[in-house]
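> Input structure: start-v2.txt, which contains compact mmCIF, C-alpha atoms and all ligand atoms.
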# COMPACT_ATOMS: atom_id res chain seq x y z
CA MET O 20 0.00 0.00 0.00
CA THR O 21 1.36 3.36 -1.02
CA GLU O 22 -0.24 6.16 0.92
CA GLN O 23 2.08 8.69 -0.63
CA LEU O 24 0.47 11.17 -2.97
CA MET O 25 2.25 11.17 -6.36
CA ARG O 26 2.01 13.86 -9.00
CA VAL O 27 1.16 12.44 -12.43
CA ASP O 28 3.12 13.73 -15.43
CA ALA O 29 0.22 15.47 -17.18
CA PRO O 30 -0.75 18.97 -18.37
CA VAL O 31 -1.38 21.52 -15.61
CA ALA O 32 -5.05 22.47 -15.79
CA GLU O 33 -6.86 25.72 -15.17
CA LEU O 34 -9.80 23.70 -13.84
CA GLY O 35 -8.93 20.00 -13.87
CA GLU O 36 -12.09 17.99 -13.34
CA GLY O 37 -14.17 14.93 -13.97
CA PRO O 38 -11.74 11.98 -13.79
CA VAL O 39 -13.29 8.72 -14.99
CA TRP O 40 -11.73 5.29 -15.46
CA ALA O 41 -12.39 3.56 -18.78
CA ASP O 42 -11.94 -0.04 -17.70
CA GLY O 43 -12.19 -1.51 -21.20
CA GLU O 44 -9.32 0.73 -22.38
CA GLN O 45 -7.42 0.79 -19.07
CA ALA O 46 -7.26 4.55 -19.53
CA LEU O 47 -8.05 7.61 -17.43
CA TYR O 48 -10.07 10.46 -18.92
CA TRP O 49 -10.39 13.86 -17.33
CA LEU O 50 -11.14 17.49 -18.30
CA ASP O 51 -10.00 21.06 -18.17
CA ILE O 52 -13.42 22.73 -18.21
CA PRO O 53 -12.71 26.34 -19.27
CA ALA O 54 -9.95 25.23 -21.67
CA ASP O 55 -12.48 23.03 -23.55
CA GLN O 56 -10.07 20.10 -23.15
CA VAL O 57 -10.68 16.37 -22.78
CA HIS O 58 -7.56 14.45 -21.74
CA ARG O 59 -6.86 10.72 -21.89
CA MET O 60 -3.94 8.89 -20.31
CA ALA O 61 -3.31 5.28 -21.30
CA ALA O 62 -1.77 2.70 -18.98
CA GLY O 63 1.72 3.41 -20.33
CA GLY O 64 1.34 7.13 -19.66
CA GLN O 65 0.67 8.14 -23.28
CA LEU O 66 -1.41 11.32 -23.31
CA THR O 67 -4.04 12.34 -25.87
CA SER O 68 -5.95 15.63 -25.65
CA TRP O 69 -8.91 16.97 -27.59
CA ASP O 70 -10.11 20.57 -27.90
CA VAL O 71 -13.88 20.14 -28.07
CA GLY O 72 -14.71 23.81 -28.68
CA GLN O 73 -16.91 24.39 -25.66
CA PRO O 74 -16.67 24.02 -21.88
CA VAL O 75 -17.17 20.39 -20.88
CA GLY O 76 -18.17 19.31 -17.36
CA THR O 77 -18.30 15.51 -17.63
CA VAL O 78 -16.80 12.85 -19.88
CA VAL O 79 -17.82 9.18 -19.77
CA PRO O 80 -17.09 6.26 -22.09
CA ARG O 81 -19.97 5.31 -24.38
CA ALA O 82 -20.81 1.61 -24.56
CA SER O 83 -21.51 1.88 -28.30
CA GLY O 84 -18.10 3.47 -28.89
CA GLY O 85 -16.57 6.89 -28.43
CA LEU O 86 -17.35 9.18 -25.53
CA ALA O 87 -20.37 10.97 -24.12
CA LEU O 88 -20.04 14.44 -22.61
CA ALA O 89 -22.04 16.89 -20.57
CA ALA O 90 -21.00 20.21 -22.09
CA GLN O 91 -22.16 23.77 -22.70
CA ASP O 92 -24.99 22.82 -25.08
CA GLY O 93 -26.16 19.64 -23.37
CA PHE O 94 -25.44 15.95 -23.58
CA MET O 95 -23.07 15.32 -26.49
CA ALA O 96 -21.29 12.48 -28.24
CA MET O 97 -17.60 12.90 -29.11
CA ASP O 98 -15.78 11.32 -32.02
CA GLN O 99 -12.34 10.41 -30.68
CA ALA O 100 -10.76 10.50 -34.14
CA THR O 101 -11.56 14.18 -34.62
CA GLY O 102 -12.76 15.58 -31.28
CA THR O 103 -15.97 16.64 -33.03
CA LEU O 104 -19.11 16.87 -30.91
CA SER O 105 -22.64 15.95 -31.93
CA LEU O 106 -25.71 16.68 -29.87
CA LEU O 107 -27.43 13.78 -28.10
CA ALA O 108 -29.92 15.98 -26.23
CA ALA O 109 -30.02 19.74 -25.72
CA VAL O 110 -30.18 20.95 -22.11
CA GLU O 111 -31.48 24.40 -21.17
CA PRO O 112 -31.09 25.89 -24.68
CA ASP O 113 -33.00 28.94 -23.36
CA ARG O 114 -30.33 29.55 -20.69
CA PRO O 115 -27.02 30.31 -22.46
CA GLU O 116 -25.60 31.60 -19.17
CA ASN O 117 -25.74 28.05 -17.81
CA ARG O 118 -23.41 25.15 -18.62
CA MET O 119 -23.37 21.49 -17.72
CA ASN O 120 -21.06 20.50 -14.88
CA ASP O 121 -20.30 17.29 -12.99
CA GLY O 122 -21.99 13.95 -13.74
CA ALA O 123 -21.75 10.15 -13.77
CA CYS O 124 -23.52 7.04 -15.05
CA ASP O 125 -25.28 4.39 -13.01
CA ARG O 126 -24.84 0.66 -13.68
CA ALA O 127 -27.68 0.67 -16.22
CA GLY O 128 -25.87 3.39 -18.15
CA ARG O 129 -28.17 6.30 -17.31
CA PHE O 130 -26.16 9.54 -17.51
CA PHE O 131 -26.81 12.01 -14.67
CA ALA O 132 -25.35 15.52 -14.91
CA GLY O 133 -26.24 18.92 -13.54
CA THR O 134 -26.01 22.52 -14.64
CA MET O 135 -24.78 25.73 -13.06
CA ALA O 136 -24.75 29.42 -13.96
CA ASP O 137 -21.44 30.89 -15.10
CA ASP O 138 -21.76 33.44 -12.26
CA GLU O 139 -22.49 30.62 -9.75
CA ARG O 140 -25.84 32.16 -8.90
CA PRO O 141 -27.73 30.11 -6.28
CA GLY O 142 -30.78 28.29 -7.57
CA ALA O 143 -30.03 28.72 -11.29
CA GLY O 144 -29.10 25.10 -12.00
CA ALA O 145 -30.76 21.71 -12.21
CA LEU O 146 -29.92 18.01 -12.30
CA TYR O 147 -30.81 15.93 -15.37
CA ARG O 148 -30.86 12.25 -16.31
CA LEU O 149 -30.19 11.15 -19.88
CA ASP O 150 -31.55 7.64 -20.42
CA PRO O 151 -30.15 5.21 -23.01
CA ASP O 152 -33.14 6.04 -25.27
CA LEU O 153 -31.92 9.68 -25.21
CA THR O 154 -34.89 11.03 -23.24
CA VAL O 155 -33.96 13.67 -20.67
CA THR O 156 -35.66 13.81 -17.27
CA THR O 157 -35.31 16.74 -14.87
CA MET O 158 -34.41 15.23 -11.50
CA LEU O 159 -33.89 18.39 -9.39
CA THR O 160 -34.44 22.10 -9.95
CA GLY O 161 -33.12 25.13 -8.10
CA THR O 162 -29.62 23.78 -7.57
CA GLY O 163 -26.60 26.07 -7.19
CA ILE O 164 -23.37 24.40 -8.33
CA SER O 165 -24.39 20.84 -9.23
CA ASN O 166 -21.37 18.63 -8.55
CA GLY O 167 -20.38 15.13 -7.42
CA ILE O 168 -22.65 12.14 -8.03
CA GLY O 169 -22.08 8.52 -7.02
CA TRP O 170 -23.91 5.36 -5.95
CA SER O 171 -23.56 2.88 -3.10
CA PRO O 172 -22.31 -0.55 -4.24
CA ASP O 173 -25.89 -1.94 -4.10
CA GLU O 174 -27.21 1.16 -5.93
CA ARG O 175 -29.85 1.71 -3.28
CA LEU O 176 -28.33 5.12 -2.47
CA MET O 177 -27.25 8.03 -4.66
CA TYR O 178 -24.88 10.63 -3.23
CA TYR O 179 -25.06 14.18 -4.54
CA VAL O 180 -23.27 17.47 -3.97
CA ASP O 181 -24.68 20.93 -4.57
CA SER O 182 -21.56 22.81 -3.52
CA LEU O 183 -23.49 25.88 -2.35
CA THR O 184 -25.26 23.78 0.33
CA TYR O 185 -21.94 22.84 2.03
CA GLN O 186 -23.05 19.26 2.35
CA VAL O 187 -23.08 15.90 0.67
CA ASP O 188 -26.67 14.70 0.37
CA VAL O 189 -27.96 11.18 -0.13
CA PHE O 190 -31.12 9.94 -1.86
CA ASP O 191 -32.81 6.58 -1.93
CA TYR O 192 -32.17 5.26 -5.43
CA ASP O 193 -34.24 2.85 -7.50
CA PRO O 194 -31.83 1.10 -9.88
CA ALA O 195 -34.76 -0.33 -11.86
CA THR O 196 -36.16 3.09 -12.82
CA GLY O 197 -33.44 5.67 -12.05
CA ALA O 198 -35.76 7.50 -9.64
CA ILE O 199 -34.47 9.39 -6.58
CA ASP O 200 -36.34 10.09 -3.36
CA GLY O 201 -35.90 11.04 0.28
CA ARG O 202 -33.12 13.63 0.06
CA ARG O 203 -31.27 14.09 3.34
CA ARG O 204 -27.85 15.21 4.54
CA PHE O 205 -25.05 12.64 4.53
CA ALA O 206 -22.16 14.84 5.68
CA ALA O 207 -21.46 18.54 6.20
CA VAL O 208 -18.38 19.83 4.34
CA GLY O 209 -16.81 23.29 4.48
CA GLN O 210 -17.99 26.85 4.96
CA GLY O 211 -17.29 30.19 3.28
CA ASP O 212 -14.90 29.63 0.38
CA VAL O 213 -14.41 25.96 1.31
CA MET O 214 -17.03 23.65 -0.21
CA PRO O 215 -17.58 20.09 -1.39
CA ASP O 216 -16.97 19.38 -5.09
CA GLY O 217 -16.67 16.01 -6.87
CA LEU O 218 -16.94 12.60 -5.23
CA THR O 219 -16.52 8.88 -5.74
CA VAL O 220 -17.86 5.89 -3.79
CA ASP O 221 -15.52 2.97 -3.10
CA ALA O 222 -16.31 -0.76 -3.12
CA ASP O 223 -16.99 -0.72 0.64
CA GLY O 224 -19.45 2.16 0.30
CA GLY O 225 -17.00 4.78 1.58
CA VAL O 226 -17.53 8.25 0.10
CA TRP O 227 -14.50 10.27 -1.01
CA VAL O 228 -15.21 13.99 -1.38
CA ALA O 229 -12.96 16.60 -2.98
CA VAL O 230 -12.87 19.84 -1.01
CA TRP O 231 -12.69 22.98 -3.16
CA GLY O 232 -10.70 25.60 -1.23
CA GLY O 233 -9.79 23.05 1.43
CA GLY O 234 -6.74 21.38 -0.13
CA ALA O 235 -8.00 17.95 0.83
CA LEU O 236 -9.93 14.83 -0.02
CA LEU O 237 -12.23 13.51 2.73
CA HIS O 238 -13.09 9.83 3.20
CA HIS O 239 -16.41 9.21 4.97
CA ASP O 240 -17.67 5.77 5.95
CA PRO O 241 -21.19 4.72 4.86
CA ALA O 242 -22.58 6.17 8.10
CA GLY O 243 -21.16 9.59 7.18
CA ARG O 244 -18.35 9.56 9.75
CA LEU O 245 -15.05 11.12 8.66
CA ARG O 246 -12.42 8.35 8.51
CA GLN O 247 -9.49 9.87 6.68
CA THR O 248 -8.22 13.14 5.25
CA ILE O 249 -5.78 13.15 2.33
CA GLU O 250 -3.94 16.46 2.17
CA VAL O 251 -3.36 17.71 -1.39
CA PRO O 252 -0.84 20.47 -2.26
CA ALA O 253 -3.49 22.46 -4.14
CA ALA O 254 -6.22 24.50 -2.47
CA HIS O 255 -8.79 23.70 -5.13
CA VAL O 256 -9.28 19.93 -5.09
CA THR O 257 -12.04 19.18 -7.58
CA SER O 258 -12.77 15.47 -8.01
CA CYS O 259 -11.49 11.92 -7.73
CA VAL O 260 -11.97 8.41 -9.13
CA PHE O 261 -10.54 4.96 -8.58
CA GLY O 262 -8.70 3.37 -11.49
CA GLY O 263 -5.91 1.04 -12.48
CA PRO O 264 -6.09 -2.71 -13.24
CA ASP O 265 -7.07 -3.46 -9.61
CA LEU O 266 -9.12 -0.25 -9.07
CA ASP O 267 -6.86 0.60 -6.15
CA ARG O 268 -5.38 3.84 -7.48
CA LEU O 269 -7.21 6.99 -6.49
CA TYR O 270 -6.78 9.75 -9.08
CA ILE O 271 -7.35 13.32 -7.87
CA THR O 272 -7.86 16.43 -10.03
CA THR O 273 -7.17 20.02 -8.98
CA ALA O 274 -7.52 23.57 -10.29
CA ALA O 275 -5.44 26.73 -10.41
CA GLY O 276 -5.03 28.68 -7.18
CA ASP O 277 -2.91 28.40 -4.07
CA GLY O 278 -0.55 25.44 -3.59
CA ALA O 279 2.56 24.12 -5.32
CA GLY O 280 0.50 21.46 -7.11
CA ALA O 281 -2.35 23.69 -8.23
CA GLY O 282 -3.84 22.35 -11.45
CA ALA O 283 -1.95 19.05 -11.30
CA LEU O 284 -3.29 15.50 -11.44
CA PHE O 285 -2.38 13.29 -8.47
CA VAL O 286 -2.60 9.58 -7.66
CA THR O 287 -2.42 7.66 -4.39
CA GLU O 288 -3.21 4.16 -3.13
CA PRO O 289 -5.29 4.63 0.00
CA GLY O 290 -5.70 0.91 0.74
CA VAL O 291 -9.25 0.38 -0.51
CA THR O 292 -10.59 -0.38 -3.98
CA GLY O 293 -13.13 1.54 -5.99
CA GLN O 294 -16.16 0.68 -8.06
CA LEU O 295 -16.01 0.62 -11.84
CA SER O 296 -16.93 3.82 -13.65
CA HIS O 297 -19.96 2.96 -15.80
CA PRO O 298 -20.34 3.96 -19.47
CA PHE O 299 -23.33 5.69 -21.01
CA ARG O 300 -25.37 2.93 -22.64
CA GLY O 301 -27.19 5.04 -25.25
CA CA W 401 -16.83 20.12 -9.97
The structure given in the file should be rewritten as C-alpha cells.


Amino acid sequence: MTEQLMRVDAPVAELGEGPVWADGEQALYWLDIPADQVHRMAAGGQLTSWDVGQPVGTVVPRASGGLALAAQDGFMAMDQATGTLSLLAAVEPDRPENRMNDGACDRAGRFFAGTMADDERPGAGALYRLDPDLTVTTMLTGTGISNGIGWSPDERLMYYVDSLTYQVDVFDYDPATGAIDGRRRFAAVGQGDVMPDGLTVDADGGVWVAVWGGGALLHHDPAGRLRQTIEVPAAHVTSCVFGGPDLDRLYITTAAGDGAGAGALFVTEPGVTGQLSHPFRG
C-alpha cells in the first residue's frame, strides 16, 4: 500500500475535473473545463488531448463506442478520431448563461449531470438524467453548483453534492427506474470559500469527497463519519476516481489557485478499492 500522494506527469489544468476510469481501455479520462479540453492517459502514460470547442463538465465512455459528454450545449457524443461533438440531447437551450457541470452514469448506463450558472448564482441550475433512449428527465431544480454524483455498491443510495449547500446529500435510489427520493444530509463539508466538489464511492461504500478551497480529499464511511483526510498540495481539489487494473489507485484532479501542485493530477493508493466507472449505454 502506497499512501504517498504522487504527482502524475500530465498537463497543468486551469480547472482540472471529472476523472473517470475507462476499464475496457485501461485509460483515465479527465477534463479542463474552461480550456475546452478532454484528456486521456493510457496505462503506459501516453497522453491524448482533444479541444472540443466548448466548456465540458463531464466525460464518460460510451458503450456503443466513443465518448459521451455533458457540455455547454447539453449531452453530447464525441468522435475520438476528430474531437468533433454531436448533440445527443439539448439541455437548457433557453439559458445560455448556464453550462453542464459534474456527472456520472449508473450501472444501467443512465447519464446524470447537472447545470450551473457561469456566475455561480444560487438556484439557477438543475440536475438531469439522460436515459439510453436519449430522453432527458429533470431530476432536481433550483440547484446552485451541481457537482459530485455517485452510488452505493448496491445502488440503493445516490450521493449528490450541490456545492453551495456545504453538504453531501444522499437519496434513496431505484436502480430499476433511475428515480431518486428522500433527500437528506449525509455529511457537512466546508464553509465560506471551502465547499464540497466532486466525489466517488468505493467498493466498501465509503464516500470520497474533494474539497474545493480546502486542499484535501475527505473519506467518509457509509454512516457519514469522517475516517481519513488526504492532504493535497493544491487548495482547489475538484474530483477523484478509482482506477488502475485493480481499481486501487485513487486519481485526484485540482484547479489553479494556491498550492505548489495547483492544477496538477495526483494519484495515491489509500488501501481500498473503488467501483467501476460505468459507461453511457445510449
Ligand atoms: Ca466540480

> Which one of O:Leu149, O:Ala222, O:Val110, O:Val75 sits closest to ligand CA 401 (chain W) if you count all atoms listed in the file?

O:Val75

> Give me the residues within 12 Å of Ile199 in chain O as a list of chain:residue names, counting all atoms listed in the file and dropping any in the same chain fewer than 3 places off.

O:Phe131, O:Leu146, O:Tyr147, O:Arg148, O:Thr156, O:Thr157, O:Met158, O:Leu159, O:Trp170, O:Glu174, O:Arg175, O:Leu176, O:Met177, O:Tyr178, O:Tyr179, O:Asp188, O:Val189, O:Phe190, O:Asp191, O:Tyr192, O:Asp193, O:Pro194, O:Ala195, O:Thr196, O:Arg202, O:Arg203

> Given a cut-off of 7 Å, what residues near ligand CA 401 (chain W) show up using only C-alpha atoms and all ligand atoms, put as JSON, numbers by chain?

{"O": [36, 120, 121, 166, 167, 216, 217, 257, 258]}

> Rank O:Thr184, O:Thr154, O:Gln99, O:Ser171 by their smallest atom-to-atom distance to Arg81 in chain O, using all atoms listed in the file, and report the top residue only.

O:Gln99

> Residues within 12 Å of Gly262 in chain O, please, as an MDAnalysis selection string. Count all atoms listed in the file; anything in the same chain fewer than 3 positions from it doesn't count.

chainID O and resid 38:48 60:62 219 221 259 265:271 286:288 291:296

> Considering all atoms listed in the file, state which residue in the set O:Ala132, O:Met97, O:Met25, O:Leu106 is at the smallest distance from Thr77 in chain O.

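Selected residue with least distance to Thr77 in chain O: O:Ala132.
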